[in-house]
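File shown: target-v3.txt. Contents: compact mmCIF, C-alpha atoms.
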# COMPACT_ATOMS: atom_id res chain seq x y z
CA MET G 143 128.03 -19.94 -35.79
CA ARG G 144 128.99 -21.77 -32.64
CA THR G 145 126.80 -24.44 -31.07
CA ALA G 146 127.25 -27.65 -29.09
CA LEU G 147 127.51 -29.45 -32.44
CA THR G 148 130.31 -27.29 -33.83
CA ASP G 149 132.23 -27.72 -30.57
CA MET G 150 131.67 -31.49 -30.60
CA LEU G 151 132.77 -32.05 -34.21
CA GLY G 152 135.23 -29.21 -34.65
CA VAL G 153 133.46 -27.62 -37.60
CA ALA G 154 132.66 -24.01 -38.44
CA GLU G 155 128.94 -24.38 -39.12
CA PRO G 156 126.14 -26.46 -37.50
CA LEU G 157 125.23 -28.08 -40.81
CA VAL G 158 125.40 -31.83 -41.44
CA GLY G 159 125.04 -33.04 -45.03
CA PHE G 160 124.02 -36.68 -45.45
CA ASN G 161 124.31 -38.31 -48.88
CA ARG G 162 125.41 -41.49 -50.62
CA SER G 163 127.63 -39.50 -53.00
CA PRO G 164 131.23 -38.97 -51.83
CA ALA G 165 131.47 -35.72 -53.80
CA VAL G 166 128.54 -34.26 -51.84
CA VAL G 167 130.12 -35.30 -48.53
CA ALA G 168 133.41 -33.67 -49.47
CA ALA G 169 131.72 -30.50 -50.73
CA VAL G 170 129.74 -30.02 -47.51
CA THR G 171 132.80 -30.62 -45.35
CA ASN G 172 134.96 -28.26 -47.39
CA ALA G 173 132.24 -25.59 -47.16
CA GLY G 174 132.56 -25.60 -43.37
CA GLY G 175 129.83 -28.11 -42.56
CA PHE G 176 130.06 -31.82 -41.78
CA GLY G 177 129.54 -34.39 -44.52
CA VAL G 178 128.20 -37.87 -43.73
CA LEU G 179 128.38 -40.74 -46.22
CA ALA G 180 125.63 -43.36 -46.45
CA ALA G 181 127.94 -46.34 -45.93
CA THR G 182 125.30 -49.04 -46.33
CA ALA G 183 125.06 -48.18 -50.02
CA TYR G 184 128.45 -49.84 -50.51
CA THR G 185 130.24 -53.14 -50.09
CA PRO G 186 133.24 -53.01 -47.72
CA GLU G 187 135.63 -52.80 -50.67
CA GLU G 188 133.63 -50.00 -52.30
CA LEU G 189 133.35 -48.13 -49.00
CA ASP G 190 137.13 -48.21 -48.53
CA ALA G 191 137.59 -46.69 -51.98
CA GLN G 192 134.99 -43.98 -51.35
CA LEU G 193 136.42 -43.00 -47.96
CA THR G 194 139.93 -42.94 -49.38
CA TRP G 195 138.71 -40.52 -52.03
CA ILE G 196 136.98 -38.33 -49.42
CA ASP G 197 140.14 -38.32 -47.28
CA ARG G 198 142.09 -36.89 -50.20
CA GLN G 199 139.48 -34.24 -50.93
CA VAL G 200 138.94 -32.88 -47.42
CA GLY G 201 142.57 -32.75 -46.27
CA GLY G 202 141.96 -33.77 -42.67
CA LYS G 203 138.68 -31.93 -42.16
CA PRO G 204 136.13 -33.96 -40.16
CA TYR G 205 133.41 -36.11 -41.75
CA GLY G 206 131.40 -39.18 -40.79
CA VAL G 207 129.50 -42.24 -41.96
CA ASP G 208 125.95 -43.50 -41.53
CA VAL G 209 124.96 -47.18 -41.31
CA LEU G 210 121.65 -49.03 -41.17
CA VAL G 211 121.20 -51.44 -38.26
CA PRO G 212 117.45 -52.04 -38.02
CA ALA G 213 115.99 -53.36 -34.78
CA LYS G 214 114.08 -56.09 -36.61
CA THR G 215 114.91 -57.93 -39.82
CA ALA G 216 114.09 -61.27 -41.40
CA LYS G 217 116.53 -63.96 -40.28
CA GLY G 218 118.42 -66.34 -42.53
CA ASP G 219 120.92 -69.18 -42.38
CA ALA G 220 124.37 -67.70 -41.82
CA ALA G 221 125.90 -70.56 -43.82
CA ASP G 222 124.06 -69.43 -46.97
CA LEU G 223 122.47 -66.14 -46.04
CA ILE G 224 121.36 -64.81 -49.42
CA ALA G 225 119.83 -68.10 -50.60
CA SER G 226 118.04 -68.65 -47.29
CA LEU G 227 116.61 -65.13 -47.36
CA ARG G 228 115.50 -65.37 -50.98
CA ALA G 229 113.75 -68.65 -50.18
CA GLN G 230 111.46 -66.71 -47.82
CA ILE G 231 110.09 -64.49 -50.59
CA PRO G 232 106.65 -65.84 -51.60
CA GLU G 233 106.04 -66.65 -55.25
CA GLU G 234 103.07 -64.26 -55.36
CA HIS G 235 105.45 -61.39 -54.67
CA HIS G 236 107.75 -62.43 -57.49
CA ALA G 237 104.75 -62.72 -59.79
CA PHE G 238 103.45 -59.28 -58.79
CA VAL G 239 106.75 -57.56 -59.54
CA ALA G 240 107.15 -59.46 -62.81
CA GLY G 241 103.64 -58.36 -63.75
CA LEU G 242 104.56 -54.72 -63.14
CA MET G 243 107.60 -55.01 -65.37
CA ASP G 244 105.48 -56.47 -68.15
CA LYS G 245 102.64 -53.97 -67.70
CA TYR G 246 104.96 -50.99 -68.01
CA GLY G 247 107.14 -52.47 -70.75
CA ILE G 248 110.37 -52.55 -68.75
CA PRO G 249 113.00 -54.54 -70.68
CA GLU G 250 115.30 -57.08 -69.11
CA ARG G 251 118.77 -55.83 -68.27
CA LYS G 252 121.56 -56.54 -70.72
CA THR G 253 123.94 -57.21 -67.84
CA THR G 254 123.71 -58.36 -64.22
CA GLU G 255 127.02 -56.84 -63.17
CA ASP G 256 125.35 -55.07 -60.22
CA ALA G 257 123.96 -58.28 -58.76
CA SER G 258 125.79 -57.38 -55.53
CA ALA G 259 122.60 -55.55 -54.55
CA ASP G 260 121.42 -58.75 -52.85
CA GLU G 261 124.63 -58.84 -50.83
CA LEU G 262 124.10 -55.24 -49.74
CA SER G 263 120.52 -55.97 -48.68
CA ALA G 264 121.43 -59.16 -46.84
CA ALA G 265 124.20 -57.31 -44.98
CA ILE G 266 121.73 -54.93 -43.28
CA ASN G 267 122.09 -56.58 -39.88
CA PRO G 268 124.51 -56.26 -36.95
CA GLN G 269 126.86 -58.91 -38.34
CA GLY G 270 126.97 -57.41 -41.82
CA ILE G 271 127.51 -53.91 -40.50
CA GLU G 272 130.64 -54.97 -38.58
CA GLU G 273 132.53 -55.34 -41.86
CA LEU G 274 131.55 -51.83 -42.91
CA LEU G 275 132.58 -50.50 -39.51
CA ASP G 276 135.98 -52.19 -39.82
CA VAL G 277 136.51 -50.19 -42.99
CA ALA G 278 135.08 -46.95 -41.60
CA PHE G 279 137.23 -47.04 -38.46
CA SER G 280 140.34 -47.61 -40.57
CA HIS G 281 139.79 -44.05 -41.85
CA LYS G 282 139.80 -40.80 -39.89
CA ILE G 283 136.05 -40.53 -39.40
CA SER G 284 134.72 -38.30 -36.62
CA LEU G 285 131.16 -39.66 -36.36
CA VAL G 286 129.20 -42.83 -36.98
CA ALA G 287 125.42 -42.63 -37.08
CA ASN G 288 122.81 -45.38 -37.01
CA ALA G 289 119.70 -44.63 -39.02
CA LEU G 290 117.42 -47.44 -37.86
CA GLY G 291 116.90 -48.77 -34.37
CA THR G 292 119.20 -48.64 -31.36
CA PRO G 293 122.86 -49.16 -32.26
CA PRO G 294 124.21 -52.47 -30.98
CA PRO G 295 126.54 -52.24 -27.96
CA PHE G 296 129.61 -53.10 -30.02
CA LEU G 297 129.02 -50.03 -32.20
CA VAL G 298 128.73 -47.67 -29.24
CA GLU G 299 131.73 -49.19 -27.46
CA ARG G 300 133.88 -49.13 -30.56
CA GLY G 301 133.01 -45.52 -31.28
CA LYS G 302 133.89 -44.38 -27.79
CA ARG G 303 137.19 -46.30 -27.80
CA ALA G 304 138.15 -44.59 -31.04
CA GLY G 305 137.00 -41.13 -29.97
CA VAL G 306 134.33 -41.17 -32.67
CA VAL G 307 130.97 -39.56 -31.88
CA VAL G 308 128.12 -42.09 -31.94
CA ALA G 309 124.88 -40.58 -33.27
CA ALA G 310 121.44 -41.97 -34.00
CA LEU G 311 118.33 -40.89 -35.86
CA VAL G 312 115.08 -41.12 -33.91
CA GLY G 313 111.43 -40.84 -34.89
CA SER G 314 109.70 -41.03 -31.52
CA ALA G 315 110.28 -40.13 -27.89
CA LYS G 316 110.61 -43.78 -26.85
CA HIS G 317 113.29 -44.29 -29.50
CA ALA G 318 115.21 -41.30 -28.14
CA ARG G 319 115.13 -42.66 -24.60
CA ARG G 320 116.43 -46.03 -25.80
CA GLN G 321 119.26 -44.35 -27.68
CA LEU G 322 120.27 -42.33 -24.64
CA GLU G 323 120.26 -45.47 -22.48
CA ALA G 324 122.49 -47.14 -25.08
CA GLY G 325 125.07 -44.35 -24.74
CA VAL G 326 124.42 -42.39 -27.93
CA GLU G 327 126.15 -38.98 -27.82
CA LEU G 328 124.17 -37.12 -30.48
CA LEU G 329 120.49 -37.46 -31.40
CA ILE G 330 118.98 -36.59 -34.76
CA ALA G 331 115.28 -35.79 -34.35
CA GLN G 332 113.87 -36.66 -37.75
CA GLY G 333 110.43 -35.32 -38.57
CA THR G 334 108.04 -36.95 -40.98
CA GLU G 335 108.86 -34.38 -43.68
CA ALA G 336 112.23 -36.06 -44.20
CA GLY G 337 113.15 -38.34 -47.06
CA GLY G 338 113.94 -42.01 -46.49
CA HIS G 339 113.02 -43.89 -43.32
CA THR G 340 111.00 -41.61 -41.12
CA GLY G 341 108.22 -41.55 -38.55
CA THR G 342 104.96 -39.66 -38.50
CA ILE G 343 105.61 -36.63 -36.24
CA ALA G 344 106.34 -33.22 -37.80
CA THR G 345 109.73 -31.59 -37.22
CA MET G 346 108.21 -28.49 -35.58
CA ILE G 347 106.61 -30.68 -32.90
CA PHE G 348 109.27 -33.33 -32.64
CA THR G 349 112.48 -31.30 -32.31
CA PRO G 350 111.69 -29.48 -29.04
CA GLU G 351 110.24 -32.70 -27.62
CA ILE G 352 113.53 -34.52 -28.16
CA VAL G 353 115.57 -31.52 -26.96
CA ASN G 354 113.67 -31.69 -23.66
CA ILE G 355 114.32 -35.43 -23.34
CA ALA G 356 118.00 -35.24 -24.33
CA GLY G 357 119.17 -32.92 -21.57
CA ASP G 358 122.87 -32.21 -22.14
CA VAL G 359 123.06 -34.44 -25.22
CA PRO G 360 123.02 -32.30 -28.39
CA VAL G 361 120.09 -32.74 -30.78
CA LEU G 362 120.02 -32.09 -34.51
CA ALA G 363 116.80 -31.31 -36.36
CA ALA G 364 116.09 -33.23 -39.57
CA GLY G 365 113.22 -33.18 -41.99
CA GLY G 366 111.94 -30.22 -43.98
CA ILE G 367 115.20 -28.25 -43.88
CA ALA G 368 116.40 -26.95 -47.23
CA SER G 369 116.73 -23.21 -46.66
CA GLY G 370 118.42 -20.82 -44.27
CA ARG G 371 115.09 -19.81 -42.78
CA GLN G 372 114.29 -23.45 -42.00
CA MET G 373 117.76 -23.91 -40.50
CA ALA G 374 117.23 -20.84 -38.32
CA ALA G 375 113.86 -22.23 -37.22
CA ALA G 376 115.53 -25.48 -36.18
CA LEU G 377 118.05 -23.58 -34.04
CA ALA G 378 115.19 -21.60 -32.51
CA LEU G 379 113.54 -24.89 -31.54
CA GLY G 380 116.61 -25.75 -29.46
CA ALA G 381 118.53 -27.88 -31.95
CA ALA G 382 122.34 -27.65 -31.94
CA GLY G 383 122.34 -27.92 -35.71
CA VAL G 384 120.60 -29.49 -38.67
CA TRP G 385 120.91 -32.81 -40.48
CA CYS G 386 120.01 -32.32 -44.14
CA GLY G 387 119.59 -35.10 -46.68
CA SER G 388 117.05 -34.35 -49.40
CA VAL G 389 118.44 -30.94 -50.31
CA TRP G 390 121.61 -32.49 -51.76
CA LEU G 391 119.57 -34.47 -54.28
CA ASN G 392 119.24 -31.12 -56.02
CA SER G 393 123.00 -30.90 -56.51
CA HIS G 394 125.19 -31.68 -59.51
CA GLU G 395 127.41 -33.96 -57.41
CA ASP G 396 124.61 -36.26 -56.25
CA ILE G 397 124.62 -39.56 -58.16
CA THR G 398 120.85 -40.00 -58.45
CA PRO G 399 119.97 -40.66 -62.13
CA LEU G 400 119.04 -37.58 -64.16
CA PRO G 401 115.51 -38.83 -65.01
CA VAL G 402 114.75 -38.94 -61.27
CA LYS G 403 116.21 -35.47 -60.72
CA THR G 404 114.08 -34.18 -63.57
CA LYS G 405 110.99 -35.53 -61.82
CA PHE G 406 112.13 -33.87 -58.60
CA LEU G 407 112.35 -30.50 -60.33
CA ALA G 408 108.77 -30.88 -61.59
CA ALA G 409 107.36 -32.04 -58.23
CA ASN G 410 105.65 -30.12 -55.47
CA SER G 411 105.76 -30.70 -51.74
CA GLY G 412 102.65 -32.89 -51.84
CA ASP G 413 104.13 -35.37 -54.30
CA THR G 414 105.83 -37.66 -51.76
CA VAL G 415 104.59 -40.72 -49.91
CA ARG G 416 105.72 -42.89 -46.99
CA SER G 417 105.86 -46.41 -48.33
CA PRO G 418 107.58 -49.68 -47.32
CA THR G 419 107.61 -50.98 -50.90
CA ARG G 420 111.32 -50.32 -51.54
CA THR G 421 112.97 -51.29 -48.26
CA GLY G 422 110.38 -53.09 -46.15
CA LYS G 423 110.12 -50.16 -43.73
CA PRO G 424 108.17 -46.91 -44.23
CA ALA G 425 110.34 -44.50 -46.18
CA ARG G 426 109.36 -41.20 -47.79
CA GLN G 427 109.91 -41.07 -51.55
CA LEU G 428 108.54 -39.44 -54.67
CA ARG G 429 105.10 -40.82 -55.44
CA SER G 430 104.89 -42.56 -58.81
CA ALA G 431 102.98 -45.29 -60.61
CA TRP G 432 105.05 -47.78 -58.60
CA HIS G 433 103.26 -46.79 -55.40
CA GLU G 434 99.86 -46.71 -57.04
CA GLU G 435 100.35 -50.31 -58.16
CA TRP G 436 101.40 -51.47 -54.68
CA GLU G 437 98.34 -49.75 -53.20
CA ARG G 438 95.96 -51.84 -55.33
CA GLN G 439 93.71 -54.27 -53.48
CA ASP G 440 95.34 -57.24 -55.20
CA SER G 441 98.83 -56.17 -54.12
CA PRO G 442 100.58 -58.77 -51.94
CA GLY G 443 101.93 -56.04 -49.65
CA ALA G 444 105.50 -55.28 -48.67
CA LEU G 445 107.78 -57.86 -47.05
CA PRO G 446 110.03 -57.11 -44.05
CA MET G 447 113.59 -55.86 -44.45
CA PRO G 448 115.74 -57.18 -46.12
CA LEU G 449 113.31 -59.37 -48.10
CA GLN G 450 111.53 -56.46 -49.79
CA PRO G 451 114.69 -54.86 -51.23
CA MET G 452 115.89 -58.29 -52.33
CA LEU G 453 112.55 -58.71 -54.10
CA VAL G 454 112.63 -55.35 -55.91
CA ASN G 455 116.33 -54.55 -56.39
CA ASP G 456 116.49 -56.00 -59.89
CA ALA G 457 113.22 -54.33 -60.85
CA TRP G 458 114.59 -50.95 -59.82
CA ALA G 459 117.83 -51.52 -61.71
CA ARG G 460 115.72 -52.25 -64.80
CA ILE G 461 113.52 -49.18 -64.23
CA ASP G 462 116.55 -46.89 -63.80
CA ALA G 463 118.23 -48.26 -66.93
CA ALA G 464 115.07 -47.99 -69.03
CA ALA G 465 114.31 -44.48 -67.78
CA LYS G 466 117.73 -43.31 -68.96
CA GLU G 467 116.70 -44.50 -72.44
CA GLY G 468 113.45 -42.54 -72.26
CA ASN G 469 111.19 -45.57 -71.76
CA GLU G 470 107.73 -44.12 -71.04
CA GLY G 471 106.69 -46.85 -68.63
CA ALA G 472 109.93 -46.56 -66.69
CA LEU G 473 109.52 -42.80 -66.40
CA ARG G 474 106.06 -43.33 -64.91
CA LEU G 475 107.45 -45.77 -62.33
CA GLU G 476 110.69 -43.90 -61.62
CA SER G 477 111.17 -42.63 -58.08
CA PHE G 478 113.67 -42.23 -55.27
CA PHE G 479 113.78 -41.33 -51.58
CA ILE G 480 113.05 -37.62 -51.10
CA GLY G 481 111.52 -35.39 -48.46
CA GLN G 482 108.75 -32.83 -48.78
CA VAL G 483 111.32 -30.10 -49.50
CA VAL G 484 111.32 -31.41 -53.09
CA GLY G 485 108.73 -28.72 -53.81
CA SER G 486 111.42 -26.05 -53.34
CA PHE G 487 113.76 -27.47 -56.01
CA GLN G 488 114.22 -25.13 -58.97
CA GLN G 489 117.47 -26.09 -60.68
CA LEU G 490 120.48 -28.29 -60.05
CA ARG G 491 123.28 -26.47 -58.18
CA PRO G 492 126.77 -27.23 -56.84
CA ALA G 493 126.57 -28.80 -53.38
CA ALA G 494 129.01 -26.23 -51.98
CA ASP G 495 126.74 -23.40 -53.13
CA ILE G 496 123.76 -25.05 -51.43
CA ALA G 497 125.73 -25.40 -48.19
CA ARG G 498 126.98 -21.83 -48.22
CA GLN G 499 123.55 -20.39 -48.95
CA LEU G 500 121.97 -22.43 -46.17
CA VAL G 501 124.46 -21.05 -43.67
CA ASP G 502 124.48 -17.47 -44.97
CA ASP G 503 120.70 -17.22 -45.13
CA CYS G 504 120.40 -18.76 -41.67
CA ALA G 505 122.80 -16.20 -40.22
CA ALA G 506 120.93 -13.37 -41.94
CA ARG G 507 117.62 -14.58 -40.56
CA LEU G 508 119.02 -14.90 -37.04
CA ARG G 509 120.28 -11.32 -37.23
CA GLU G 510 116.82 -10.19 -38.39
CA LEU G 511 115.20 -12.00 -35.50
CA SER G 512 117.59 -10.49 -32.97
CA GLY G 513 116.52 -7.09 -34.23
CA LEU G 514 112.94 -7.79 -33.15
CA LEU G 515 114.06 -7.56 -29.52
CA SER G 516 114.88 -3.86 -29.87
This structure in structure tokens:
Amino acid sequence: MRTALTDMLGVAEPLVGFNRSPAVVAAVTNAGGFGVLAATAYTPEELDAQLTWIDRQVGGKPYGVDVLVPAKTAKGDAADLIASLRAQIPEEHHAFVAGLMDKYGIPERKTTEDASADELSAAINPQGIEELLDVAFSHKISLVANALGTPPPFLVERGKRAGVVVAALVGSAKHARRQLEAGVELLIAQGTEAGGHTGTIATMIFTPEIVNIAGDVPVLAAGGIASGRQMAAALALGAAGVWCGSVWLNSHEDITPLPVKTKFLAANSGDTVRSPTRTGKPARQLRSAWHEEWERQDSPGALPMPLQPMLVNDAWARIDAAAKEGNEGALRLESFFIGQVVGSFQQLRPAADIARQLVDDCAARLRELSGLLS
């Protein structure tokens, strides 16, 4: 298939695969699509290692990275950022999370070797992202996308100097207009069906709205796309391609813990919820006892980004570790970011197979539709 996206990125198929797992990114790229790594999941040193690995796997084929630069975050003292941010977390929030851990019998961790989670959370700001971008631009990336807010001018300028496409996810028409004014070259219209940070407008409504606003700027459809028929529908709505995230959580290569994937396979499309209780901003994820507890009347409510993730990072590390051991309480709490397409998951598959079937089934559906004209 040839679209404005395939021409822009030099790929065979208008399929973008977004994931935090380097193996998924490489698999999508090698299958003819375009893999995008969630860079904010890593420290600069870790990101360099992951991109180096991807470089070796894809042999020069194009891929990209995605960063989080939210428009609004809690501010801290640059001289001691983590401590100053943690000092803003009210004691009642600490007590609430500690109470959940006790109520569900979640044991303390035996090690704190992943304590860098606070550093990752604190780095979700324009200054912190610059270090990640330094690493990303030292590799042969073809695209950098911003998933929250309007990308800062330095990101847009740096991308254009390097010949790297600057993309941005949007959840409303006003966000799209701001991105275009900022110089973004590719818009991702993300419907509410999507996993992770998302707005409230459905993909079917939102995609053509953003296509009309974007003019000559290509638009990708995101949210609710996990099959060839859904990909074909996105192209019919005027999108130049699709941005898929949740579908790769059903792959062998994805690094999400197996207990979470097992819950995904048992879920239906109504088992997700938009909640700010993991990141501080509304993000769609699998509904679990965690969300039920935060919805109680005595809940203190979510804090802004990055305070909320700093509050709950350790709790989630404990939940994940306990769930792997079969802890019943942890399994009730266990969750992860996922879109409404979770209801279509049947069994774990290789990411390359998922990519190829998406493209093949899309092409078949487009041929069927063309036949309706005669």
Can you measure CA of Thr171 (chain G) to CA of Arg498 (chain G) for me? One decimal in Å is fine. 10.9 Å
Within 12 Å of Asp190 (chain G) using only C-alpha atoms, minus same-chain residues under 3 positions, as a ChimeraX atom specification: /G:164,179,181,184-187,193-197,207,273-283
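Remark: for Val170 (chain G), the closest of the candidate residues G:Phe296, G:Trp436, G:Phe487, G:Trp390 is G:Trp390 (distances computed over only C-alpha atoms).
Compared by their closest atoms to Ala356 (chain G), and using only C-alpha atoms, the residues G:Met373, G:Leu297, G:Leu322, G:Ala378 rank with G:Leu322 nearest.
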Identify the residues within 7 Å of coordinate (105.7, -46.9, -50.9) (same frame as the file), considering all atoms listed in the file, and give the answer as an MDAnalysis selection string. chainID G and resid 415:420 433
Applying 7 Å and only C-alpha atoms, which residues near Leu210 (chain G) remain after dropping the ones on its own chain fewer than 3 positions away? List them as a list in words.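 Here the qualifying residues turn out to be Thr182, Ile266, Asn288, Ala289 and Leu290 of chain G.
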